[in-house]
Amino acid sequence: MCGIVGYVGHKKAFPILINGLQRLEYRGYDSAGVALLNGDLHIYKCKGKVSDLVKHTESKNTDGIIGIGHTRWATHGEPNDVNAHPHLSASGKLAIIHNGIIENYAVLKEMLTSRGHRFLSETDTEILVHFIEEIQNEEQVSLEEAVRIALEHVVGAYAIVLISKDDPHRLVAARKSSPLVIGIGEGEYFIASDATPIIEHTRNVVYLNDEEIAVVDIKQGLTIRNIANQPKTPFVQELEWSLEMLEKGGYEHFMLKEIHEQPNSIKDSMRGRLHADLGVILLGGIKDYEQKLRNARRIIIVACGTSWHAGLVGEYLIEDLTRIPVEVEYASEFRYRNPVIYESDIIIAISQSGETADTLAAIELAKSKGATILGICNVVGSSISRTTHAGAYTHAGPEIGVASTKAFTAQLTILALMALRIAHLKGSIAESRYRQLLKDLEQVPEKITKALELEPQIKYIANVFQDATNFLYLGRGYNFPVALEGALKLKEISYIHAEGYPAAEMKHGPIALIDDEMPVVVLATNESAYEKIISNIQEVKARKGRIIAITTENDELINKLAEFVIKIPRTAEPFSPMVSVVPLQLLAYHIALLRGCNVDQPRNLAKSVTVE
C-alpha cells in the first residue's frame, strides 16, 4: 500500500504526479517517490511526506512527459529512503510502483539470488521488478508480455505500474485484489489507485478488473488483456464526484468537514429510495434479491473496523424489525475459521472503499459455498461492487479523512432502509409502525443538524479531558455499537487508549479501572433500557468516575448524576445511533486537535486497507 499515480501525455509529468500524490495523502503513508523518464530514468524518493519529496527534488531534473509516483505504507521493510517506491530492476531500465503484498516473494528472491541478482531494499516490490526483467531477458518478449508471464507465477495482491527506459511513451499496469483506475484525457492518460488524483483532469475512467493488464501508450491508446492473454474491451465510466468534493471547503480538516456533511450525505443516501409520504422504499440495487431476503433463514454481515460497527447496528435493526437471525463477523477472522455457510445464507459485505482486502476474501469464500452476496459500499466501480451479486451504494461522496465518519452514518442509512423494506415484505411489523419509522428516518438529517450545533459545548469538554490516558465508553442495545465506534474514533486520531463496552458488562471486569481520573462516556438515549443505564451511571459515580452522558433533550434526571451532559434530539431508537455517534465524532476530533495530532492522517493508519 498505499497510493499510486502515473501519467503519460503531452504535459510535464512531475507537477501532475506531485499533485496526485497530495490528493492521495488521505490514505495514510510513510514515504513517497517518483520516477521520471526524460532520456534517462530518474528516481527520487524519501521517507516522510510528499512535501519532503518536493524539497528533495528542488534542485533535481524533473523534466519529462511520462512518470509514476507512489506513497508507501510499509509492509515489507521499515519506512526509509531505500524501501520507498519506485524500485529499479537489475539493469536500471525498469521502475515499478506497487500496492499490495507478494506472498511468495521469498521463493522468488531465492531463485533470483541464485541467478546473480542483488537487492538494495527489504521489499517484495523490488523482487517483482527484478523477476519481470529476468523474464523479459530470458524470453525476449515485450514488457507487457513479461508482466503477464510474471504474474502467472505471483501469489498475492498487487496493483502495479511500470515504466521502461526503452519505451518513453508507454506505461504498463496490472491489478489483483488492489484497486487501479485509468483516466482517459485528450491525448493523455492517468493511472491511480483511486479517482481522486484524476478527477481534475478528466471524468472518463476505466476500472481495471482482477488479473487484467493495461498498456497506456501515447501513440496507440489503451489496451487491456488478462493474464490468460485474452483481449478485454475497456468499459469507460463517467465519474460522479466533483473536484469541489475533494476540497476542505473552508473547514480546518477533512474530518471536520465530513462530520458536518452528514445531514446531506444521509439525505443523499435516502434520495430516490425513501418515500415516507407514500410508505414506499425503493432499493433498485437489491430488487431482484428481495424475495431471497424475505425468505432468508440467516443473514451474515462481514466487515472491518467502522464498517463492522455499522454491521452490529445492522444486526439490531434486522433482527428487531424482520425477525431474521443475523451474525456479524470480522471479515479478517471469517475466512480463517472454517465458517459454516449454507447456500441459503445471505452475506452482506460492508466497506467504505469497496476495496478492503479482508472483506473481499470473505466474499470469495462465501461465494464458493454458494451463498448470495450483497454489498454496501461508497465507491462506484470498486472491487466489492463488482464481486457481489447485488447491493446498494451509499452516496456519502468522497471521504478523505482516514477516520470514517459520514461513511458510517450512510451505511446505517442503507441498513435501515434494507431492514424496513424486508420487514414490510414479511409483514413482521405493523403497517402503522412501519409508516412511523419511515417518517422518523426521514427526520434524522434534521436531528443531526441540531446535534452539530452542540460543538462549542463538546469542544469545552474536550479541553477538560485532552490529557486523559484512558477512556471508557458504555452503551446498551442499539447504542452498544456506538460505544465501540466512539472509542475507536478516539483511539484512531488522538492515540488515547479507549474501550467500548456493553454497559451491563462493566461490572464484569472494566469497573476495576474506574477511579477519579477515568472519563466514562455513557450513551443514555435508549428509552427501552433507560433505568438500567441510570443504574450503570450510579455504579460509575459511586467509584468517582468522571461521567460524560449523551442523552436526549427532555432528560432531566441525568443532569443530577453526570459531570457533563450532552443533550441531543430524541430519535426513534432504531435510528438513534446515527445521531448519538455525532457528539462522539466531535469529541474525538477536538481532543485530537488539542493534543496536536494529525487528525486527517493519523499515524500508522491507511484509509483503504488493501492487504490482508
# chains A, B, ... in the order shown; residues from 1 in each chain; ligands from 1

call {"tool": "residues_around", "arguments": {"residues": "range 565-577 of chain A", "least_positions_apart": "2", "cutoff": "8 Å", "atoms": "only C-alpha atoms", "output": "ChimeraX atom specification"}}
result
/A:313,316-317,416,437,440-441,444,447,450-451,454,457-458,478-479,482,525-527,548-555,558-559,562-563,579-581,583

call {"tool": "residues_around", "arguments": {"residues": "Ile348 in chain A", "least_positions_apart": "5", "cutoff": "7 Å", "atoms": "only C-alpha atoms", "output": "list in words"}}
result
Ile300, Ile301, Val302, Ile373, Leu374 and Gly375 of chain A

call {"tool": "select_by_dssp", "arguments": {"residues": "range 124-324 of chain A", "states": "helix (DSSP H, G or I)", "output": "VMD selection string"}}
result
chain A and resid 124 to 139 143 to 152 243 to 246 254 to 260 262 to 270 284 to 295 305 to 322

call {"tool": "closest_residue", "arguments": {"among": "A:His70, A:Pro325, A:Ser193, A:His10", "to": "Lys219 in chain A", "atoms": "only C-alpha atoms"}}
result
A:His10

call {"tool": "closest_residue", "arguments": {"among": "A:Gly92, A:Gly545, A:Gly221, A:Gly156", "to": "Gly185 in chain A", "atoms": "only C-alpha atoms"}}
result
A:Gly221

call {"tool": "residues_around", "arguments": {"residues": "range 327-331 of chain A", "least_positions_apart": "5", "cutoff": "12 Å", "atoms": "only C-alpha atoms", "output": "CSV table (one decimal) with N, CA and C atoms, in the first residue's frame"}}
result
chain,number,residue,atom,x,y,z
A,297,ARG,N,-33.1,-17.5,6.0
A,297,ARG,CA,-33.1,-18.1,7.4
A,297,ARG,C,-32.0,-17.5,8.2
A,298,ARG,N,-31.0,-16.9,7.6
A,298,ARG,CA,-29.9,-16.4,8.3
A,298,ARG,C,-29.2,-15.3,7.4
A,299,ILE,N,-28.8,-14.2,8.0
A,299,ILE,CA,-28.0,-13.2,7.3
A,299,ILE,C,-26.7,-13.1,8.1
A,300,ILE,N,-25.6,-13.1,7.3
A,300,ILE,CA,-24.3,-12.9,7.9
A,300,ILE,C,-23.7,-11.5,7.4
A,301,ILE,N,-23.3,-10.7,8.3
A,301,ILE,CA,-22.7,-9.4,7.9
A,301,ILE,C,-21.2,-9.5,8.1
A,302,VAL,N,-20.4,-9.2,7.0
A,302,VAL,CA,-18.9,-9.2,7.2
A,302,VAL,C,-18.4,-7.8,6.9
A,303,ALA,N,-17.5,-7.4,7.7
A,303,ALA,CA,-16.9,-6.1,7.6
A,303,ALA,C,-15.7,-5.9,8.5
A,304,CYS,N,-15.0,-4.8,8.4
A,304,CYS,CA,-13.9,-4.5,9.3
A,304,CYS,C,-14.0,-3.1,9.8
A,305,GLY,N,-13.4,-2.9,11.0
A,305,GLY,CA,-13.3,-1.5,11.6
A,305,GLY,C,-14.7,-0.9,11.8
A,306,THR,N,-14.8,0.4,11.4
A,306,THR,CA,-16.0,1.2,11.5
A,306,THR,C,-17.2,0.5,10.8
A,307,SER,N,-16.9,-0.1,9.6
A,307,SER,CA,-18.0,-0.8,8.9
A,307,SER,C,-18.5,-2.0,9.7
A,308,TRP,N,-17.6,-2.7,10.5
A,308,TRP,CA,-18.1,-3.7,11.4
A,308,TRP,C,-19.0,-3.2,12.5
A,309,HIS,N,-18.7,-2.0,13.0
A,309,HIS,CA,-19.6,-1.4,13.9
A,309,HIS,C,-21.0,-1.1,13.3
A,310,ALA,N,-21.0,-0.6,12.0
A,310,ALA,CA,-22.2,-0.4,11.3
A,310,ALA,C,-23.0,-1.7,11.2
A,311,GLY,N,-22.2,-2.8,10.9
A,311,GLY,CA,-22.8,-4.1,10.8
A,311,GLY,C,-23.5,-4.6,12.1
A,312,LEU,N,-22.9,-4.2,13.3
A,312,LEU,CA,-23.5,-4.5,14.5
A,312,LEU,C,-24.9,-3.8,14.7
A,313,VAL,N,-24.9,-2.5,14.3
A,313,VAL,CA,-26.2,-1.8,14.4
A,313,VAL,C,-27.1,-2.5,13.4
A,314,GLY,N,-26.6,-2.9,12.2
A,314,GLY,CA,-27.5,-3.6,11.3
A,314,GLY,C,-28.1,-4.9,11.9
A,315,GLU,N,-27.3,-5.6,12.7
A,315,GLU,CA,-27.8,-6.8,13.4
A,315,GLU,C,-29.0,-6.4,14.2
A,316,TYR,N,-28.9,-5.4,15.0
A,316,TYR,CA,-30.0,-5.0,15.8
A,316,TYR,C,-31.2,-4.6,15.0
A,318,ILE,N,-32.0,-5.4,11.8
A,318,ILE,CA,-32.6,-6.5,11.0
A,318,ILE,C,-33.4,-7.5,11.9
A,319,GLU,N,-32.7,-7.9,13.0
A,319,GLU,CA,-33.4,-8.8,13.9
A,319,GLU,C,-34.6,-8.2,14.6
A,336,TYR,N,-10.7,-17.4,8.0
A,336,TYR,CA,-9.7,-18.3,8.5
A,336,TYR,C,-10.2,-19.3,9.6
A,337,ARG,N,-11.5,-19.2,9.9
A,337,ARG,CA,-12.0,-20.1,11.0
A,337,ARG,C,-13.0,-21.2,10.4
A,339,PRO,N,-15.8,-21.2,8.5
A,339,PRO,CA,-17.2,-21.0,9.0
A,339,PRO,C,-18.2,-21.9,8.3
A,340,VAL,N,-19.3,-22.1,8.9
A,340,VAL,CA,-20.4,-22.8,8.4
A,340,VAL,C,-21.2,-21.9,7.5
A,341,ILE,N,-21.3,-22.1,6.2
A,341,ILE,CA,-22.0,-21.3,5.3
A,341,ILE,C,-22.9,-22.2,4.4
A,345,ASP,N,-27.9,-18.9,2.8
A,345,ASP,CA,-27.4,-17.7,3.5
A,345,ASP,C,-27.3,-16.5,2.6
A,346,ILE,N,-27.6,-15.3,3.3
A,346,ILE,CA,-27.4,-14.0,2.6
A,346,ILE,C,-26.2,-13.4,3.3
A,347,ILE,N,-25.2,-13.0,2.6
A,347,ILE,CA,-24.0,-12.4,3.1
A,347,ILE,C,-24.1,-10.9,2.8
A,348,ILE,N,-24.0,-10.0,3.7
A,348,ILE,CA,-23.9,-8.6,3.5
A,348,ILE,C,-22.5,-8.1,3.8
A,349,ALA,N,-21.8,-7.6,2.8
A,349,ALA,CA,-20.4,-7.1,2.9
A,349,ALA,C,-20.5,-5.6,2.9
A,350,ILE,N,-19.8,-5.0,4.0
A,350,ILE,CA,-19.9,-3.6,4.1
A,350,ILE,C,-18.4,-3.0,4.1
A,351,SER,N,-18.2,-2.0,3.2
A,351,SER,CA,-16.9,-1.4,3.1
A,351,SER,C,-17.0,0.0,2.5
A,356,THR,N,-11.5,-3.3,0.6
A,356,THR,CA,-10.9,-3.9,1.8
A,356,THR,C,-10.6,-5.3,1.6
A,357,ALA,N,-9.3,-5.6,1.7
A,357,ALA,CA,-8.8,-7.0,1.2
A,357,ALA,C,-9.5,-8.1,2.1
A,358,ASP,N,-9.6,-7.9,3.4
A,358,ASP,CA,-10.2,-9.0,4.2
A,358,ASP,C,-11.6,-9.2,3.9
A,359,THR,N,-12.3,-8.1,3.6
A,359,THR,CA,-13.8,-8.3,3.2
A,359,THR,C,-13.9,-8.9,1.9
A,360,LEU,N,-13.0,-8.6,0.9
A,360,LEU,CA,-13.1,-9.3,-0.4
A,360,LEU,C,-12.8,-10.8,-0.2
A,361,ALA,N,-11.8,-11.1,0.6
A,361,ALA,CA,-11.5,-12.5,0.8
A,361,ALA,C,-12.7,-13.3,1.4
A,362,ALA,N,-13.4,-12.6,2.4
A,362,ALA,CA,-14.6,-13.2,3.0
A,362,ALA,C,-15.7,-13.4,1.9
A,363,ILE,N,-15.8,-12.5,1.0
A,363,ILE,CA,-16.8,-12.6,0.0
A,363,ILE,C,-16.5,-13.8,-0.9
A,364,GLU,N,-15.3,-13.9,-1.3
A,364,GLU,CA,-14.9,-15.0,-2.2
A,364,GLU,C,-15.1,-16.4,-1.5
A,365,LEU,N,-14.9,-16.5,-0.2
A,365,LEU,CA,-15.1,-17.7,0.5
A,365,LEU,C,-16.6,-18.0,0.5
A,366,ALA,N,-17.4,-17.0,0.8
A,366,ALA,CA,-18.9,-17.2,0.9
A,366,ALA,C,-19.5,-17.6,-0.5
A,481,PRO,N,-23.0,-0.7,19.8
A,481,PRO,CA,-22.0,-0.5,18.7
A,481,PRO,C,-21.5,1.0,18.6
A,612,GLU,N,-4.2,-8.2,3.4
A,612,GLU,CA,-4.8,-8.9,4.5
A,612,GLU,C,-4.0,-9.0,5.7

call {"tool": "residues_around", "arguments": {"residues": "Arg225 in chain A", "least_positions_apart": "6", "cutoff": "12 Å", "atoms": "only C-alpha atoms", "output": "ChimeraX atom specification"}}
result
/A:144-145,147-148,172-175,208-216,231-234

call {"tool": "write_last_selection", "arguments": {"atoms": "N, CA, C and O atoms", "output": "tab-separated table (two decimals), in the first residue's frame"}}
result
chain	number	residue	atom	x	y	z
A	144	GLU	N	5.04	-5.77	-21.50
A	144	GLU	CA	3.71	-6.19	-21.07
A	144	GLU	C	3.56	-7.71	-21.06
A	144	GLU	O	2.89	-8.28	-20.20
A	145	GLU	N	4.24	-8.39	-21.99
A	145	GLU	CA	4.19	-9.85	-22.01
A	145	GLU	C	5.00	-10.41	-20.84
A	145	GLU	O	4.61	-11.42	-20.21
A	147	VAL	N	5.36	-8.94	-17.97
A	147	VAL	CA	4.50	-8.72	-16.80
A	147	VAL	C	3.45	-9.83	-16.72
A	147	VAL	O	3.21	-10.40	-15.65
A	148	ARG	N	2.84	-10.14	-17.85
A	148	ARG	CA	1.80	-11.18	-17.86
A	148	ARG	C	2.35	-12.53	-17.40
A	148	ARG	O	1.76	-13.21	-16.55
A	172	VAL	N	2.81	0.41	-18.25
A	172	VAL	CA	2.15	-0.89	-18.14
A	172	VAL	C	1.64	-1.03	-16.70
A	172	VAL	O	2.38	-0.78	-15.75
A	173	ALA	N	0.37	-1.42	-16.56
A	173	ALA	CA	-0.25	-1.53	-15.24
A	173	ALA	C	-1.00	-2.85	-15.13
A	173	ALA	O	-1.45	-3.41	-16.13
A	174	ALA	N	-1.16	-3.33	-13.90
A	174	ALA	CA	-1.91	-4.57	-13.67
A	174	ALA	C	-2.46	-4.54	-12.25
A	174	ALA	O	-1.91	-3.85	-11.38
A	175	ARG	N	-3.52	-5.33	-12.03
A	175	ARG	CA	-4.10	-5.37	-10.69
A	175	ARG	C	-4.66	-6.74	-10.35
A	175	ARG	O	-5.10	-7.50	-11.23
A	208	LEU	N	-9.85	-1.17	-13.78
A	208	LEU	CA	-9.31	-2.48	-14.11
A	208	LEU	C	-9.94	-3.55	-13.23
A	208	LEU	O	-10.19	-3.33	-12.04
A	209	ASN	N	-10.19	-4.71	-13.81
A	209	ASN	CA	-10.66	-5.86	-13.05
A	209	ASN	C	-9.47	-6.70	-12.60
A	209	ASN	O	-8.35	-6.53	-13.09
A	210	ASP	N	-9.73	-7.62	-11.69
A	210	ASP	CA	-8.67	-8.51	-11.22
A	210	ASP	C	-8.03	-9.27	-12.38
A	210	ASP	O	-8.73	-9.73	-13.30
A	211	GLU	N	-6.71	-9.40	-12.28
A	211	GLU	CA	-5.91	-10.14	-13.25
A	211	GLU	C	-6.00	-9.56	-14.65
A	211	GLU	O	-5.89	-10.27	-15.65
A	212	GLU	N	-6.16	-8.24	-14.73
A	212	GLU	CA	-6.09	-7.54	-16.01
A	212	GLU	C	-4.82	-6.72	-16.08
A	212	GLU	O	-4.37	-6.16	-15.07
A	213	ILE	N	-4.26	-6.64	-17.29
A	213	ILE	CA	-3.03	-5.88	-17.55
A	213	ILE	C	-3.37	-4.82	-18.59
A	213	ILE	O	-3.91	-5.14	-19.65
A	214	ALA	N	-3.06	-3.58	-18.28
A	214	ALA	CA	-3.36	-2.47	-19.18
A	214	ALA	C	-2.07	-1.84	-19.69
A	214	ALA	O	-1.08	-1.73	-18.94
A	215	VAL	N	-2.08	-1.43	-20.93
A	215	VAL	CA	-0.99	-0.66	-21.52
A	215	VAL	C	-1.57	0.68	-21.98
A	215	VAL	O	-2.55	0.70	-22.72
A	216	VAL	N	-1.00	1.77	-21.48
A	216	VAL	CA	-1.40	3.09	-21.96
A	216	VAL	C	-0.23	3.65	-22.76
A	216	VAL	O	0.87	3.80	-22.25
A	231	PRO	N	-7.85	-10.58	-24.94
A	231	PRO	CA	-8.12	-9.14	-25.01
A	231	PRO	C	-9.43	-8.79	-24.32
A	231	PRO	O	-10.39	-9.55	-24.36
A	232	LYS	N	-9.47	-7.62	-23.68
A	232	LYS	CA	-10.66	-7.14	-22.99
A	232	LYS	C	-11.02	-5.76	-23.54
A	232	LYS	O	-10.14	-4.94	-23.81
A	233	THR	N	-12.32	-5.51	-23.66
A	233	THR	CA	-12.79	-4.20	-24.13
A	233	THR	C	-12.91	-3.26	-22.95
A	233	THR	O	-13.66	-3.55	-22.00
A	234	PRO	N	-12.20	-2.14	-22.96
A	234	PRO	CA	-12.30	-1.19	-21.84
A	234	PRO	C	-13.73	-0.65	-21.70
A	234	PRO	O	-14.36	-0.29	-22.71

call {"tool": "closest_residue", "arguments": {"among": "A:Asn463, A:Ser31, A:Gln352, A:Ser59", "to": "Leu412 in chain A", "atoms": "only C-alpha atoms"}}
result
A:Gln352

call {"tool": "atom_distance", "arguments": {"atom1": "CA of Pro168 in chain A", "atom2": "CA of Lys11 in chain A"}}
result
13.8 Å

call {"tool": "closest_residue", "arguments": {"among": "A:Asn604, A:Thr322, A:Ser142, A:Asn295", "to": "Arg72 in chain A", "atoms": "only C-alpha atoms"}}
result
A:Asn604

call {"tool": "residues_around", "arguments": {"residues": "Arg595 in chain A", "least_positions_apart": "4", "cutoff": "7 Å", "atoms": "only C-alpha atoms", "output": "list in words"}}
result
Gln466, Ser494 and Ile591 of chain A

call {"tool": "write_last_selection", "arguments": {"atoms": "N, CA and C atoms", "output": "JSON list (two decimals), in the first residue's frame"}}
result
[["chain", "number", "residue", "atom", "x", "y", "z"],
["A", 466, "GLN", "N", -8.40, 16.51, 27.49],
["A", 466, "GLN", "CA", -7.38, 16.32, 26.46],
["A", 466, "GLN", "C", -6.16, 15.54, 26.95],
["A", 494, "SER", "N", -6.53, 10.40, 18.33],
["A", 494, "SER", "CA", -5.90, 11.09, 19.46],
["A", 494, "SER", "C", -4.83, 10.23, 20.14],
["A", 591, "ILE", "N", -10.46, 16.58, 20.85],
["A", 591, "ILE", "CA", -9.38, 16.12, 21.73],
["A", 591, "ILE", "C", -8.10, 15.93, 20.93]]

call {"tool": "residues_around", "arguments": {"residues": "Ile534 in chain A", "least_positions_apart": "2", "cutoff": "9 Å", "atoms": "only C-alpha atoms", "output": "PyMOL selection string"}}
result
chain A and resi 524+529-532+536-539+557-558+561

call {"tool": "write_last_selection", "arguments": {"atoms": "N, CA and C atoms", "output": "compact mmCIF listing (two decimals), in the first residue's frame"}}
result
# COMPACT_ATOMS: atom_id res chain seq x y z
N ALA A 524 -26.96 7.35 26.80
CA ALA A 524 -28.17 7.14 27.60
C ALA A 524 -29.41 7.65 26.87
N ALA A 529 -34.07 0.83 27.76
CA ALA A 529 -33.20 0.38 28.86
C ALA A 529 -32.77 1.56 29.72
N TYR A 530 -33.61 2.57 29.81
CA TYR A 530 -33.20 3.80 30.48
C TYR A 530 -32.85 3.57 31.95
N GLU A 531 -33.72 2.83 32.67
CA GLU A 531 -33.47 2.62 34.10
C GLU A 531 -32.17 1.85 34.33
N LYS A 532 -31.89 0.90 33.44
CA LYS A 532 -30.65 0.14 33.57
C LYS A 532 -29.42 1.03 33.34
N ASN A 536 -26.19 1.94 35.79
CA ASN A 536 -24.78 1.88 35.40
C ASN A 536 -24.08 3.20 35.70
N ILE A 537 -24.77 4.31 35.47
CA ILE A 537 -24.19 5.62 35.78
C ILE A 537 -23.94 5.73 37.29
N GLN A 538 -24.89 5.25 38.08
CA GLN A 538 -24.72 5.28 39.54
C GLN A 538 -23.50 4.47 39.97
N GLU A 539 -23.28 3.33 39.30
CA GLU A 539 -22.13 2.49 39.63
C GLU A 539 -20.81 3.20 39.34
N LEU A 557 -33.17 13.83 34.69
CA LEU A 557 -32.60 13.01 35.76
C LEU A 557 -31.08 12.92 35.65
N ILE A 558 -30.57 12.73 34.45
CA ILE A 558 -29.14 12.52 34.28
C ILE A 558 -28.35 13.79 34.58
N LEU A 561 -26.70 13.50 37.82
CA LEU A 561 -25.77 12.41 38.03
C LEU A 561 -24.44 12.59 37.31

call {"tool": "residues_around", "arguments": {"residues": "range 123-134 of chain A", "least_positions_apart": "3", "cutoff": "8 Å", "atoms": "only C-alpha atoms", "output": "list in words"}}
result
Thr75, His76, Gly77, Asn83, His87, Leu88, Ser89, Ala90, Leu94, Ala95, Ile96, Ile97, His98, Ile101, Ile102, Tyr105, Leu108, Lys109, Leu112, His117, Phe119, Asn137, Glu138, Leu143, Ala146, Val147 and Ala150 of chain A

call {"tool": "write_last_selection", "arguments": {"atoms": "N, CA and C atoms", "output": "compact mmCIF listing (two decimals), in the first residue's frame"}}
result
# COMPACT_ATOMS: atom_id res chain seq x y z
N THR A 75 4.88 -2.40 4.46
CA THR A 75 4.55 -3.80 4.76
C THR A 75 5.87 -4.57 4.92
N HIS A 76 6.63 -4.75 3.82
CA HIS A 76 7.93 -5.43 3.90
C HIS A 76 9.03 -4.38 4.02
N GLY A 77 9.66 -4.34 5.18
CA GLY A 77 10.74 -3.38 5.38
C GLY A 77 10.26 -2.10 6.03
N ASN A 83 13.64 1.73 1.09
CA ASN A 83 12.45 0.91 0.89
C ASN A 83 11.32 1.66 0.19
N HIS A 87 10.97 1.28 -7.31
CA HIS A 87 12.13 0.40 -7.25
C HIS A 87 12.60 0.08 -8.67
N LEU A 88 13.90 -0.07 -8.82
CA LEU A 88 14.52 -0.33 -10.12
C LEU A 88 14.81 -1.81 -10.32
N SER A 89 14.83 -2.21 -11.59
CA SER A 89 15.26 -3.55 -11.96
C SER A 89 16.79 -3.63 -11.89
N ALA A 90 17.32 -4.82 -12.13
CA ALA A 90 18.78 -5.02 -12.04
C ALA A 90 19.54 -4.13 -13.00
N LEU A 94 14.05 -0.53 -15.81
CA LEU A 94 12.65 -0.60 -15.42
C LEU A 94 12.47 -0.03 -14.01
N ALA A 95 11.36 0.67 -13.82
CA ALA A 95 10.97 1.12 -12.47
C ALA A 95 9.53 0.70 -12.22
N ILE A 96 9.25 0.37 -10.97
CA ILE A 96 7.93 -0.14 -10.61
C ILE A 96 7.42 0.55 -9.36
N ILE A 97 6.11 0.73 -9.27
CA ILE A 97 5.43 1.09 -8.03
C ILE A 97 4.37 0.02 -7.79
N HIS A 98 4.06 -0.22 -6.51
CA HIS A 98 3.27 -1.41 -6.19
C HIS A 98 2.49 -1.19 -4.91
N ILE A 101 0.75 -7.05 -1.47
CA ILE A 101 1.79 -7.92 -0.90
C ILE A 101 2.00 -9.12 -1.81
N ILE A 102 3.26 -9.38 -2.16
CA ILE A 102 3.62 -10.58 -2.91
C ILE A 102 3.96 -11.67 -1.88
N TYR A 105 7.19 -13.98 -2.24
CA TYR A 105 8.39 -13.21 -2.56
C TYR A 105 9.68 -13.94 -2.15
N LEU A 108 10.69 -16.40 -4.82
CA LEU A 108 11.19 -15.67 -5.99
C LEU A 108 12.57 -15.07 -5.71
N LYS A 109 12.74 -14.56 -4.50
CA LYS A 109 14.02 -13.96 -4.15
C LYS A 109 15.14 -15.00 -4.15
N LEU A 112 16.02 -15.78 -7.79
CA LEU A 112 16.72 -14.67 -8.44
C LEU A 112 18.13 -14.50 -7.87
N HIS A 117 21.17 -12.02 -8.93
CA HIS A 117 20.51 -10.75 -8.60
C HIS A 117 20.87 -10.32 -7.18
N PHE A 119 19.79 -7.29 -4.20
CA PHE A 119 18.68 -6.39 -3.89
C PHE A 119 19.13 -5.32 -2.90
N ASN A 137 14.21 -10.68 -20.36
CA ASN A 137 15.50 -11.01 -20.97
C ASN A 137 15.57 -12.47 -21.42
N GLU A 138 15.07 -13.36 -20.58
CA GLU A 138 15.13 -14.78 -20.89
C GLU A 138 14.25 -15.14 -22.09
N LEU A 143 7.63 -5.80 -22.64
CA LEU A 143 7.45 -5.59 -21.20
C LEU A 143 6.09 -6.09 -20.75
N ALA A 146 6.11 -9.77 -20.51
CA ALA A 146 6.90 -10.21 -19.36
C ALA A 146 6.11 -10.04 -18.07
N VAL A 147 5.36 -8.94 -17.97
CA VAL A 147 4.50 -8.72 -16.80
C VAL A 147 3.45 -9.83 -16.72
N ALA A 150 5.08 -13.08 -15.63
CA ALA A 150 5.50 -13.00 -14.22
C ALA A 150 4.31 -13.15 -13.28

call {"tool": "closest_residue", "arguments": {"among": "A:Ile218, A:Cys597, A:Ala392, A:Leu53", "to": "Val8 in chain A", "atoms": "only C-alpha atoms"}}
result
A:Ile218

call {"tool": "closest_residue", "arguments": {"among": "A:Val54, A:Val34, A:Val522, A:Val107", "to": "Ala503 in chain A", "atoms": "only C-alpha atoms"}}
result
A:Val522

call {"tool": "select_by_dssp", "arguments": {"residues": "range 158-379 of chain A", "states": "strand (DSSP E or B)", "output": "VMD selection string"}}
result
chain A and resid 158 to 164 167 to 176 181 to 184 189 to 192 204 to 207 212 to 217 221 to 226 231 to 232 236 to 238 274 to 275 280 to 281 299 to 303 326 to 330 346 to 351 372 to 377
